[in-house]
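S.K.: Just one file: work.cif, with mmCIF, C-alpha atoms.
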data_upload
loop_
_atom_site.label_atom_id
_atom_site.label_comp_id
_atom_site.auth_asym_id
_atom_site.auth_seq_id
_atom_site.Cartn_x
_atom_site.Cartn_y
_atom_site.Cartn_z
CA HIS A 1 -32.56 -6.33 -39.53
CA ASP A 2 -30.42 -3.64 -37.86
CA VAL A 3 -32.81 -3.51 -34.92
CA ALA A 4 -32.67 -7.28 -34.52
CA VAL A 5 -28.86 -7.18 -34.57
CA ARG A 6 -28.79 -4.45 -31.91
CA VAL A 7 -31.24 -6.36 -29.72
CA GLY A 8 -29.16 -9.51 -30.11
CA CYS A 9 -25.97 -7.66 -29.19
CA ASP A 10 -27.64 -6.07 -26.17
CA LEU A 11 -28.86 -9.46 -25.01
CA LEU A 12 -25.39 -10.95 -25.34
CA ALA A 13 -23.93 -8.04 -23.37
CA VAL A 14 -26.47 -8.55 -20.58
CA GLN A 15 -25.74 -12.27 -20.45
CA ARG A 16 -22.00 -11.65 -20.38
CA ALA A 17 -22.35 -9.12 -17.56
CA ALA A 18 -24.40 -11.63 -15.57
CA ARG A 19 -21.72 -14.30 -16.04
CA VAL A 20 -19.04 -11.85 -14.90
CA ARG A 21 -21.06 -10.99 -11.76
CA ALA A 22 -21.50 -14.70 -11.07
CA GLN A 23 -17.74 -15.00 -10.57
CA THR A 24 -17.74 -12.72 -7.50
CA PRO A 25 -18.70 -15.53 -5.07
CA ARG A 26 -16.06 -17.76 -6.67
CA LEU A 27 -13.38 -15.12 -6.08
CA ALA A 28 -14.51 -14.88 -2.47
CA ALA A 29 -14.40 -18.67 -2.16
CA ALA A 30 -10.82 -18.78 -3.46
CA ARG A 31 -9.79 -16.12 -0.93
CA ALA A 32 -11.55 -18.03 1.86
CA GLU A 33 -9.74 -21.25 0.97
CA LEU A 34 -6.42 -19.39 0.98
CA ASP A 35 -7.16 -17.76 4.35
CA ALA A 36 -8.04 -21.20 5.73
CA GLY A 37 -4.66 -22.55 4.63
CA HIS A 38 -6.10 -24.74 1.87
CA HIS A 39 -3.50 -23.65 -0.66
CA ASP A 40 -4.02 -26.39 -3.23
CA ARG A 41 -7.77 -25.82 -3.32
CA ALA A 42 -7.28 -22.05 -3.53
CA ARG A 43 -4.92 -22.52 -6.45
CA GLU A 44 -7.38 -24.85 -8.18
CA LEU A 45 -10.23 -22.36 -7.81
CA ALA A 46 -8.05 -19.48 -8.99
CA ARG A 47 -7.01 -21.38 -12.11
CA GLU A 48 -10.65 -22.12 -12.90
CA LEU A 49 -11.44 -18.41 -12.50
CA VAL A 50 -8.60 -17.46 -14.85
CA THR A 51 -9.96 -19.84 -17.47
CA GLU A 52 -13.49 -18.47 -17.11
CA ALA A 53 -12.32 -14.85 -17.24
CA GLU A 54 -10.36 -15.61 -20.41
CA ARG A 55 -13.43 -17.21 -21.94
CA LEU A 56 -15.50 -14.15 -21.07
CA ALA A 57 -12.74 -11.83 -22.35
CA HIS A 58 -13.26 -9.58 -19.31
CA ALA A 59 -9.96 -7.93 -18.40
CA PRO A 60 -10.79 -6.65 -14.87
CA LEU A 61 -12.11 -10.08 -13.87
CA LEU A 62 -9.05 -11.73 -15.39
CA ALA A 63 -6.75 -9.39 -13.46
CA GLU A 64 -8.54 -10.24 -10.19
CA ALA A 65 -8.37 -13.95 -10.95
CA LEU A 66 -4.64 -13.67 -11.68
CA LEU A 67 -4.09 -11.80 -8.43
CA SER A 68 -5.86 -14.63 -6.64
CA LEU A 69 -3.73 -17.17 -8.47
CA GLY A 70 -0.55 -15.25 -7.66
CA ALA A 71 -1.45 -15.26 -3.97
CA ALA A 72 -2.21 -18.99 -4.03
CA GLU A 73 1.05 -19.81 -5.83
CA LEU A 74 2.95 -17.71 -3.28
CA ALA A 75 1.31 -19.53 -0.37
CA SER A 76 2.14 -22.85 -2.05
CA GLY A 77 5.81 -21.87 -2.32
CA ASP A 78 5.95 -21.65 -6.12
CA TYR A 79 7.49 -18.19 -6.34
CA PRO A 80 8.26 -18.15 -10.10
CA ALA A 81 4.64 -19.12 -10.83
CA SER A 82 3.45 -16.43 -8.43
CA CYS A 83 5.59 -13.82 -10.18
CA ALA A 84 4.30 -14.91 -13.58
CA ALA A 85 0.67 -14.65 -12.47
CA LEU A 86 1.20 -11.27 -10.82
CA LEU A 87 3.05 -9.84 -13.82
CA ARG A 88 0.20 -10.94 -16.08
CA ALA A 89 -2.29 -9.47 -13.60
CA PHE A 90 -0.45 -6.14 -13.82
CA THR A 91 -0.37 -6.01 -17.61
CA THR A 92 -4.00 -7.15 -17.84
CA ALA A 93 -5.13 -4.48 -15.37
CA GLU A 94 -3.09 -1.87 -17.22
CA SER A 95 -4.73 -2.80 -20.51
CA ALA A 96 -8.12 -2.32 -18.84
CA ARG A 97 -6.98 0.96 -17.23
CA HIS A 98 -7.82 -0.49 -13.82
CA ASP A 99 -5.27 1.36 -11.69
CA ARG A 100 -6.11 -0.18 -8.33
CA LEU A 101 -5.71 -3.76 -9.55
CA ALA A 102 -2.49 -2.86 -11.36
CA THR A 103 -1.13 -1.20 -8.22
CA ASP A 104 -2.10 -4.21 -6.12
CA ALA A 105 -0.20 -6.50 -8.50
CA ALA A 106 2.88 -4.26 -8.45
CA ILE A 107 2.91 -4.18 -4.64
CA ARG A 108 2.64 -7.96 -4.46
CA LEU A 109 5.53 -8.27 -6.92
CA VAL A 110 7.69 -6.18 -4.58
CA TYR A 111 7.16 -8.80 -1.88
CA VAL A 112 7.58 -11.92 -4.00
CA LEU A 113 10.67 -10.64 -5.80
CA GLY A 114 12.31 -9.08 -2.77
CA GLU A 115 11.39 -11.26 0.19
CA ARG A 116 10.97 -14.62 -1.54
CA GLN A 117 13.22 -14.51 -4.60
CA HIS A 118 15.90 -12.28 -3.04
CA ASP A 119 16.00 -9.99 -6.07
CA LEU A 120 16.20 -6.52 -4.54
CA PRO A 121 16.85 -4.56 -7.78
CA ARG A 122 13.68 -5.91 -9.42
CA ALA A 123 11.73 -5.42 -6.19
CA GLU A 124 12.83 -1.79 -6.05
CA THR A 125 11.84 -1.28 -9.68
CA TRP A 126 8.34 -2.55 -8.98
CA ALA A 127 8.20 -0.42 -5.82
CA GLU A 128 8.83 2.64 -8.02
CA VAL A 129 6.05 1.54 -10.37
CA ALA A 130 3.65 1.04 -7.47
CA ASP A 131 4.63 4.37 -5.92
CA ALA A 132 3.94 6.23 -9.16
CA LYS A 133 0.56 4.59 -9.57
CA LEU A 134 -0.39 5.30 -5.96
CA ARG A 135 0.47 8.98 -6.37
CA ARG A 136 -1.66 9.17 -9.50
CA GLN A 137 -4.61 7.63 -7.65
CA GLY A 138 -4.42 9.89 -4.63
CA ASP A 139 -2.28 7.66 -2.39
CA ASP A 140 -4.59 5.00 -0.92
CA PRO A 141 -3.38 4.51 2.71
CA ALA A 142 -4.01 0.75 2.78
CA LEU A 143 -2.02 0.15 -0.39
CA ARG A 144 0.69 2.62 0.68
CA LEU A 145 1.08 0.70 3.96
CA ARG A 146 1.54 -2.61 2.14
CA LEU A 147 4.04 -1.07 -0.27
CA ARG A 148 6.17 0.36 2.53
CA PHE A 149 6.11 -2.94 4.39
CA ASN A 150 7.00 -5.03 1.34
CA LEU A 151 9.89 -2.77 0.39
CA ALA A 152 11.17 -2.73 3.96
CA SER A 153 11.04 -6.54 4.02
CA ALA A 154 12.96 -6.73 0.74
CA LEU A 155 15.65 -4.42 2.09
CA LEU A 156 15.92 -6.46 5.29
CA ASP A 157 16.24 -9.67 3.27
CA ALA A 158 19.09 -8.05 1.34
CA GLY A 159 20.88 -7.14 4.58
CA GLN A 160 20.39 -3.39 4.14
CA LEU A 161 19.55 -2.77 7.79
CA ARG A 162 19.67 1.03 7.85
CA ALA A 163 17.47 1.45 4.77
CA SER A 164 15.16 -1.26 6.03
CA GLU A 165 14.82 0.39 9.42
CA LEU A 166 13.85 3.69 7.81
CA ARG A 167 11.15 1.98 5.76
CA PHE A 168 9.89 -0.10 8.68
CA ARG A 169 9.59 3.00 10.85
CA GLU A 170 7.64 4.73 8.08
CA THR A 171 5.45 1.62 7.94
CA MET A 172 4.99 1.68 11.70
CA ALA A 173 3.96 5.34 11.68
CA LEU A 174 1.27 4.68 9.08
CA ALA A 175 0.19 1.46 10.81
CA GLU A 176 -0.27 3.43 14.06
CA GLN A 177 -2.56 5.87 12.23
CA ARG A 178 -4.62 2.96 10.90
CA ARG A 179 -4.53 0.85 14.05
CA ASP A 180 -8.29 0.96 14.63
CA ILE A 181 -8.99 0.20 10.95
CA ASP A 182 -6.44 -2.59 10.50
CA PRO A 183 -5.21 -3.87 13.89
CA SER A 184 -3.73 -7.06 12.43
CA PHE A 185 -1.34 -5.14 10.19
CA HIS A 186 -0.29 -3.05 13.18
CA VAL A 187 0.79 -6.27 14.90
CA ILE A 188 2.58 -7.47 11.76
CA ALA A 189 4.50 -4.18 11.57
CA LEU A 190 5.53 -4.42 15.22
CA ASN A 191 6.79 -7.97 14.74
CA ALA A 192 8.72 -6.98 11.62
CA LEU A 193 10.37 -4.09 13.40
CA ALA A 194 11.24 -6.45 16.28
CA THR A 195 12.88 -8.81 13.78
CA LEU A 196 14.95 -5.92 12.48
CA GLU A 197 16.06 -5.02 16.01
CA LEU A 198 17.09 -8.65 16.56
CA GLU A 199 19.16 -8.52 13.36
CA LYS A 200 20.90 -5.45 14.81
CA GLY A 201 21.48 -7.23 18.13
CA ALA A 202 19.21 -4.81 19.99
CA LEU A 203 17.52 -7.39 22.21
CA THR A 204 15.92 -4.93 24.65
CA GLU A 205 14.28 -2.94 21.85
CA ALA A 206 13.11 -6.13 20.14
CA GLU A 207 11.54 -7.42 23.36
CA ALA A 208 9.70 -4.13 23.90
CA LEU A 209 8.26 -4.26 20.40
CA LEU A 210 7.17 -7.89 20.81
CA ARG A 211 5.46 -7.02 24.09
CA ARG A 212 3.59 -4.20 22.33
CA SER A 213 2.46 -6.64 19.63
CA LEU A 214 0.97 -8.90 22.31
CA ALA A 215 -0.75 -6.11 24.21
#
If you took the structure in this file and wrote it as structure tokens, what would it be?

M.R.:
Amino acid sequence: HDVAVRVGCDLLAVQRAARVRAQTPRLAAARAELDAGHHDRARELARELVTEAERLAHAPLLAEALLSLGAAELASGDYPASCAALLRAFTTAESARHDRLATDAAIRLVYVLGERQHDLPRAETWAEVADAKLRRQGDDPALRLRLRFNLASALLDAGQLRASELRFRETMALAEQRRDIDPSFHVIALNALATLELEKGALTEAEALLRRSLA
């Protein structure tokens, strides 16, 4: 009897693992729809993934699905819903001890709260959370770049030009180092720094940065 129970449990575990793996193409499809600008479809797919991950009781998959949903809600302009999905993604990833997914969620919260909901104190709190988690993981350069950029954007939105400039220049330095790996983010950083220079009234500096972004 005990052997039969163990075999049955093993079979269920194998089937569950297969169903979890089957969601990978669906996650990719949701990202593709979002990248294509099909926000409603991306949101629909992400919600379906959340439901399936809940049914499977698989925390890492649920965290990824919630990250996808948070991104789709952000693109659709529903910032409170995006925050709610990202916060749940963070807590779900934390419960599964999945540091990278939790860090990703925290970094996204910095952007949504700071840039879109104009709540700098909460954005700064989440930036501290993300920073601590990055340090514990060994400071992933791609995630560190996004964190610096999101915090700089939040500071600019709040009108803190000097603090924002410092962060944007830190972002630019790291983006320069990663230019061959991630050229698109290098352009984004240049454009953001140009926006800051425009806010300061430094038209010549802004024009030079924009020309570099087009080079």

S.K.: Which value, in Å to one decimal, gives the distance between CA of Ala105 (chain A) and CA of Phe90 (chain A)?

M.R.: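 CA of Phe90 (chain A) lies 5.3 Å from CA of Ala105 (chain A).
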
S.K.: What does the structure give for the distance between CA of Arg212 (chain A) and CA of Leu196 (chain A), in Å to one decimal?

M.R.: 15.1 Å

S.K.: Record the distance separating CA of Ala175 (chain A) and CA of Gly37 (chain A), expressed in Å with one decimal.

M.R.: 25.3 Å

S.K.: Here is a test: counting only C-alpha atoms, which residue of A:Thr171, A:Thr92, A:Asn150, A:Gln160 is nearest to Val187 (chain A)?

M.R.: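 Closest candidate: A:Thr171.
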
S.K.: Starting from the shown file, work through the PyMOL selection byres ((chain A and resi 71) around 9) and note down what comes out as a VMD selection string.

M.R.: chain A and resid 31 34 42 to 43 66 to 70 72 to 76 82 85 to 86 108

S.K.: Once the PyMOL selection byres ((chain A and resi 24) around 12) is applied to the coordinates I shared, what remains selected? I want it as a short mmCIF file (atom, residue, chain, number, x, y, z; two decimals) with C-alpha atoms, in the coordinates of the input.

M.R.:
data_model
loop_
_atom_site.label_atom_id
_atom_site.label_comp_id
_atom_site.auth_asym_id
_atom_site.auth_seq_id
_atom_site.Cartn_x
_atom_site.Cartn_y
_atom_site.Cartn_z
CA ALA A 17 -22.35 -9.12 -17.56
CA ALA A 18 -24.40 -11.63 -15.57
CA ARG A 19 -21.72 -14.30 -16.04
CA VAL A 20 -19.04 -11.85 -14.90
CA ARG A 21 -21.06 -10.99 -11.76
CA ALA A 22 -21.50 -14.70 -11.07
CA GLN A 23 -17.74 -15.00 -10.57
CA PRO A 25 -18.70 -15.53 -5.07
CA ARG A 26 -16.06 -17.76 -6.67
CA LEU A 27 -13.38 -15.12 -6.08
CA ALA A 28 -14.51 -14.88 -2.47
CA ALA A 29 -14.40 -18.67 -2.16
CA ALA A 30 -10.82 -18.78 -3.46
CA ARG A 31 -9.79 -16.12 -0.93
CA ALA A 46 -8.05 -19.48 -8.99
CA LEU A 49 -11.44 -18.41 -12.50
CA GLU A 52 -13.49 -18.47 -17.11
CA ALA A 53 -12.32 -14.85 -17.24
CA PRO A 60 -10.79 -6.65 -14.87
CA LEU A 61 -12.11 -10.08 -13.87
CA LEU A 62 -9.05 -11.73 -15.39
CA GLU A 64 -8.54 -10.24 -10.19
CA ALA A 65 -8.37 -13.95 -10.95
#

S.K.: From the list A:Asp119, A:Ala63, A:Asp157, A:Asp99, which residue is nearest Gly138 (chain A) when using only C-alpha atoms?

M.R.: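 Ranking A:Asp119, A:Ala63, A:Asp157, A:Asp99 by distance to Gly138 (chain A), first place goes to A:Asp99.
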
S.K.: Closest to Ala81 (chain A) among A:Leu203, A:Ala102, A:Leu109, A:Ala93, using all atoms listed in the file?

M.R.: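 Comparing A:Leu203, A:Ala102, A:Leu109, A:Ala93 against Ala81 (chain A), the winner is A:Leu109.
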
S.K.: Calculated over only C-alpha atoms, which of the candidates A:Ala158, A:Arg144, A:Arg47, A:Leu151 has the smallest distance to Thr125 (chain A)?

M.R.: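 Among the listed residues, the smallest separation from Thr125 (chain A) belongs to A:Leu151.
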
S.K.: Closest to Leu56 (chain A) among A:Arg41, A:Lys200, A:Arg136, A:Arg16, using all atoms listed in the file?

M.R.: A:Arg16

S.K.: So, counting only C-alpha atoms, which residue among A:His118, A:His58, A:His98, A:Arg135 is closest to Tyr79 (chain A)?

M.R.: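 Checking each of A:His118, A:His58, A:His98, A:Arg135 against Tyr79 (chain A), counting only C-alpha atoms, the winner is A:His118.
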
S.K.: Hey, what's within 10 Å of Val129 (chain A) if we count only C-alpha atoms and toss same-chain stuff fewer than 2 positions away? As a PyMOL selection string, please?

M.R.: chain A and resi 102-103+106-107+110+123-127+131-134

S.K.: Please identify all polymer residues lying at most 10 Å from the point (15.0, -12.4, 1.1) (file coordinates), using all atoms listed in the file, and present the result as a ChimeraX atom specification.

M.R.: /A:111-120,153-159

S.K.: With the PyMOL selection byres ((chain A and resi 142) around 12) as the selection, what would be picked from this file? Answer as a ChimeraX atom specification, please.

M.R.: /A:100,103-104,107,134,138-141,143-149,171,174-175,177-179,181-182,185-186

S.K.: Which residues are close to Glu205 (chain A), i.e. within 12 Å by all atoms listed in the file, leaving aside same-chain residues fewer than 4 positions away? Reply as a short mmCIF file (atom, residue, chain, number, x, y, z; two decimals) with C-alpha atoms, in the frame of the given file.

M.R.:
data_model
loop_
_atom_site.label_atom_id
_atom_site.label_comp_id
_atom_site.auth_asym_id
_atom_site.auth_seq_id
_atom_site.Cartn_x
_atom_site.Cartn_y
_atom_site.Cartn_z
CA LEU A 190 5.53 -4.42 15.22
CA ASN A 191 6.79 -7.97 14.74
CA LEU A 193 10.37 -4.09 13.40
CA ALA A 194 11.24 -6.45 16.28
CA THR A 195 12.88 -8.81 13.78
CA LEU A 196 14.95 -5.92 12.48
CA GLU A 197 16.06 -5.02 16.01
CA LEU A 198 17.09 -8.65 16.56
CA GLU A 199 19.16 -8.52 13.36
CA LYS A 200 20.90 -5.45 14.81
CA GLY A 201 21.48 -7.23 18.13
CA LEU A 209 8.26 -4.26 20.40
CA LEU A 210 7.17 -7.89 20.81
CA ARG A 211 5.46 -7.02 24.09
CA ARG A 212 3.59 -4.20 22.33
#

S.K.: Could the centre and edge lengths of an axis-aligned box, enclosing all atoms of region 199-207 of chain A in the file with 4 Å extra on each side, be given in Å to one decimal as lines of an AutoDock Vina configuration file?

M.R.:
center_x = 16.5
center_y = -5.7
center_z = 19.0
size_x = 17.9
size_y = 13.6
size_z = 19.3
